[in-house]
Amino acid sequence: MAVPKRKTSKARRDKRRSPNMKMTAPGLCICPQCHQPKLPHRVCPNCNYYDGKSVINEVTEAPAEA
């Protein structure tokens with residue numbers, strides 16, 4: 001069984017890990033209805049449109065129980 005002869009230093013260990021830790025910004029596109037940035041292939045959080053159609057209906061208050 002292979003066993004390391006010496007402890008791996010923090011600099012050597014972190015040098016190996018650093019390229020995999022980079023975060024990338026999400027790709028944004030512009031909503032054709034309200035012209036606000038949104039994530040691609042998702043319903044616009046501002047106007048609730050997707051592919052030119054209203055997808056999410058506005059939530060209305062339910063009548064009060066008497």
# chains A, B, ... in the order shown; residues from 1 in each chain; ligands from 1
>>> select_by_dssp(residues="chain A", states="alpha helix (DSSP H)", output="VMD selection string")
chain A and resid 10 to 17
>>> write_last_selection(atoms="N, CA and C atoms", output="PDB file, in the first residue's frame")
ATOM      1  N   LYS A  10       0.583  23.069   2.766  1.00  0.00           N
ATOM      2  CA  LYS A  10      -0.660  23.764   2.435  1.00  0.00           C
ATOM      3  C   LYS A  10      -0.558  24.450   1.077  1.00  0.00           C
ATOM      4  N   ALA A  11       0.598  25.007   0.760  1.00  0.00           N
ATOM      5  CA  ALA A  11       0.785  25.698  -0.520  1.00  0.00           C
ATOM      6  C   ALA A  11       0.641  24.714  -1.684  1.00  0.00           C
ATOM      7  N   ARG A  12       1.229  23.538  -1.569  1.00  0.00           N
ATOM      8  CA  ARG A  12       1.149  22.538  -2.641  1.00  0.00           C
ATOM      9  C   ARG A  12      -0.270  22.016  -2.796  1.00  0.00           C
ATOM     10  N   ARG A  13      -0.924  21.771  -1.643  1.00  0.00           N
ATOM     11  CA  ARG A  13      -2.299  21.277  -1.662  1.00  0.00           C
ATOM     12  C   ARG A  13      -3.242  22.315  -2.273  1.00  0.00           C
ATOM     13  N   ASP A  14      -3.130  23.579  -1.842  1.00  0.00           N
ATOM     14  CA  ASP A  14      -4.022  24.622  -2.318  1.00  0.00           C
ATOM     15  C   ASP A  14      -3.769  24.983  -3.769  1.00  0.00           C
ATOM     16  N   LYS A  15      -2.515  24.839  -4.220  1.00  0.00           N
ATOM     17  CA  LYS A  15      -2.188  25.105  -5.617  1.00  0.00           C
ATOM     18  C   LYS A  15      -2.930  24.127  -6.527  1.00  0.00           C
ATOM     19  N   ARG A  16      -3.071  22.920  -6.064  1.00  0.00           N
ATOM     20  CA  ARG A  16      -3.765  21.892  -6.843  1.00  0.00           C
ATOM     21  C   ARG A  16      -5.278  22.128  -6.844  1.00  0.00           C
ATOM     22  N   ARG A  17      -5.804  22.637  -5.761  1.00  0.00           N
ATOM     23  CA  ARG A  17      -7.250  22.820  -5.634  1.00  0.00           C
ATOM     24  C   ARG A  17      -7.764  24.107  -6.265  1.00  0.00           C
TER      25      ARG A  17
END
>>> residues_around(residues="A:Cys44", least_positions_apart="4", cutoff="10 Å", atoms="only C-alpha atoms", output="list in words")
Ile30, Cys31, Pro32, Gln33, Cys34, His35, Gln36, Pro37, Lys38, Leu39, Pro40, Asn48, Tyr49, Tyr50, Asp51, Ser54, Val55 and Ile56 of chain A
>>> write_last_selection(atoms="C-alpha atoms", output="PDB file, in the first residue's frame")
ATOM      1  CA  ILE A  30     -32.938  39.989 -21.297  1.00  0.00           C
ATOM      2  CA  CYS A  31     -36.670  39.322 -20.925  1.00  0.00           C
ATOM      3  CA  PRO A  32     -38.448  40.328 -24.163  1.00  0.00           C
ATOM      4  CA  GLN A  33     -41.529  41.525 -22.225  1.00  0.00           C
ATOM      5  CA  CYS A  34     -40.129  43.743 -19.460  1.00  0.00           C
ATOM      6  CA  HIS A  35     -36.464  44.016 -20.587  1.00  0.00           C
ATOM      7  CA  GLN A  36     -35.121  42.980 -17.187  1.00  0.00           C
ATOM      8  CA  PRO A  37     -32.243  40.465 -16.800  1.00  0.00           C
ATOM      9  CA  LYS A  38     -33.329  36.879 -16.090  1.00  0.00           C
ATOM     10  CA  LEU A  39     -31.831  33.415 -16.167  1.00  0.00           C
ATOM     11  CA  PRO A  40     -32.206  31.656 -19.528  1.00  0.00           C
ATOM     12  CA  ASN A  48     -43.999  36.047 -14.954  1.00  0.00           C
ATOM     13  CA  TYR A  49     -43.692  35.492 -18.719  1.00  0.00           C
ATOM     14  CA  TYR A  50     -41.979  32.598 -20.479  1.00  0.00           C
ATOM     15  CA  ASP A  51     -41.797  32.181 -24.266  1.00  0.00           C
ATOM     16  CA  SER A  54     -48.037  34.501 -19.048  1.00  0.00           C
ATOM     17  CA  VAL A  55     -47.213  31.427 -17.003  1.00  0.00           C
ATOM     18  CA  ILE A  56     -47.803  32.215 -13.341  1.00  0.00           C
TER      19      ILE A  56
END
>>> atom_distance(atom1="atom CA of A:Thr24", atom2="atom CA of A:Asn46")
23.5 Å
>>> select_by_dssp(residues="chain A", states="strand (DSSP E)", output="PDB file with N, CA, C and O atoms, in the first residue's frame")
ATOM      1  N   CYS A  29     -29.901  36.661 -19.613  1.00  0.00           N
ATOM      2  CA  CYS A  29     -30.452  37.150 -20.868  1.00  0.00           C
ATOM      3  C   CYS A  29     -31.519  38.186 -20.517  1.00  0.00           C
ATOM      4  O   CYS A  29     -31.895  38.333 -19.365  1.00  0.00           O
ATOM      5  N   ILE A  30     -31.964  38.916 -21.512  1.00  0.00           N
ATOM      6  CA  ILE A  30     -32.938  39.989 -21.297  1.00  0.00           C
ATOM      7  C   ILE A  30     -34.337  39.465 -21.611  1.00  0.00           C
ATOM      8  O   ILE A  30     -34.561  38.824 -22.639  1.00  0.00           O
ATOM      9  N   PRO A  37     -33.076  41.668 -16.697  1.00  0.00           N
ATOM     10  CA  PRO A  37     -32.243  40.465 -16.800  1.00  0.00           C
ATOM     11  C   PRO A  37     -32.905  39.286 -16.089  1.00  0.00           C
ATOM     12  O   PRO A  37     -33.522  39.437 -15.036  1.00  0.00           O
ATOM     13  N   LYS A  38     -32.789  38.102 -16.683  1.00  0.00           N
ATOM     14  CA  LYS A  38     -33.329  36.879 -16.090  1.00  0.00           C
ATOM     15  C   LYS A  38     -32.438  35.717 -16.493  1.00  0.00           C
ATOM     16  O   LYS A  38     -31.627  35.829 -17.399  1.00  0.00           O
ATOM     17  N   TYR A  49     -43.502  35.951 -17.345  1.00  0.00           N
ATOM     18  CA  TYR A  49     -43.692  35.492 -18.719  1.00  0.00           C
ATOM     19  C   TYR A  49     -42.597  34.503 -19.075  1.00  0.00           C
ATOM     20  O   TYR A  49     -41.468  34.604 -18.588  1.00  0.00           O
ATOM     21  N   TYR A  50     -42.952  33.529 -19.920  1.00  0.00           N
ATOM     22  CA  TYR A  50     -41.979  32.598 -20.479  1.00  0.00           C
ATOM     23  C   TYR A  50     -42.413  32.283 -21.901  1.00  0.00           C
ATOM     24  O   TYR A  50     -43.561  31.903 -22.124  1.00  0.00           O
ATOM     25  N   LYS A  53     -45.639  33.937 -23.178  1.00  0.00           N
ATOM     26  CA  LYS A  53     -46.932  33.617 -22.565  1.00  0.00           C
ATOM     27  C   LYS A  53     -46.860  33.862 -21.062  1.00  0.00           C
ATOM     28  O   LYS A  53     -45.842  33.591 -20.429  1.00  0.00           O
ATOM     29  N   SER A  54     -47.961  34.332 -20.493  1.00  0.00           N
ATOM     30  CA  SER A  54     -48.037  34.501 -19.048  1.00  0.00           C
ATOM     31  C   SER A  54     -48.176  33.120 -18.420  1.00  0.00           C
ATOM     32  O   SER A  54     -49.111  32.379 -18.718  1.00  0.00           O
TER      33      SER A  54
END
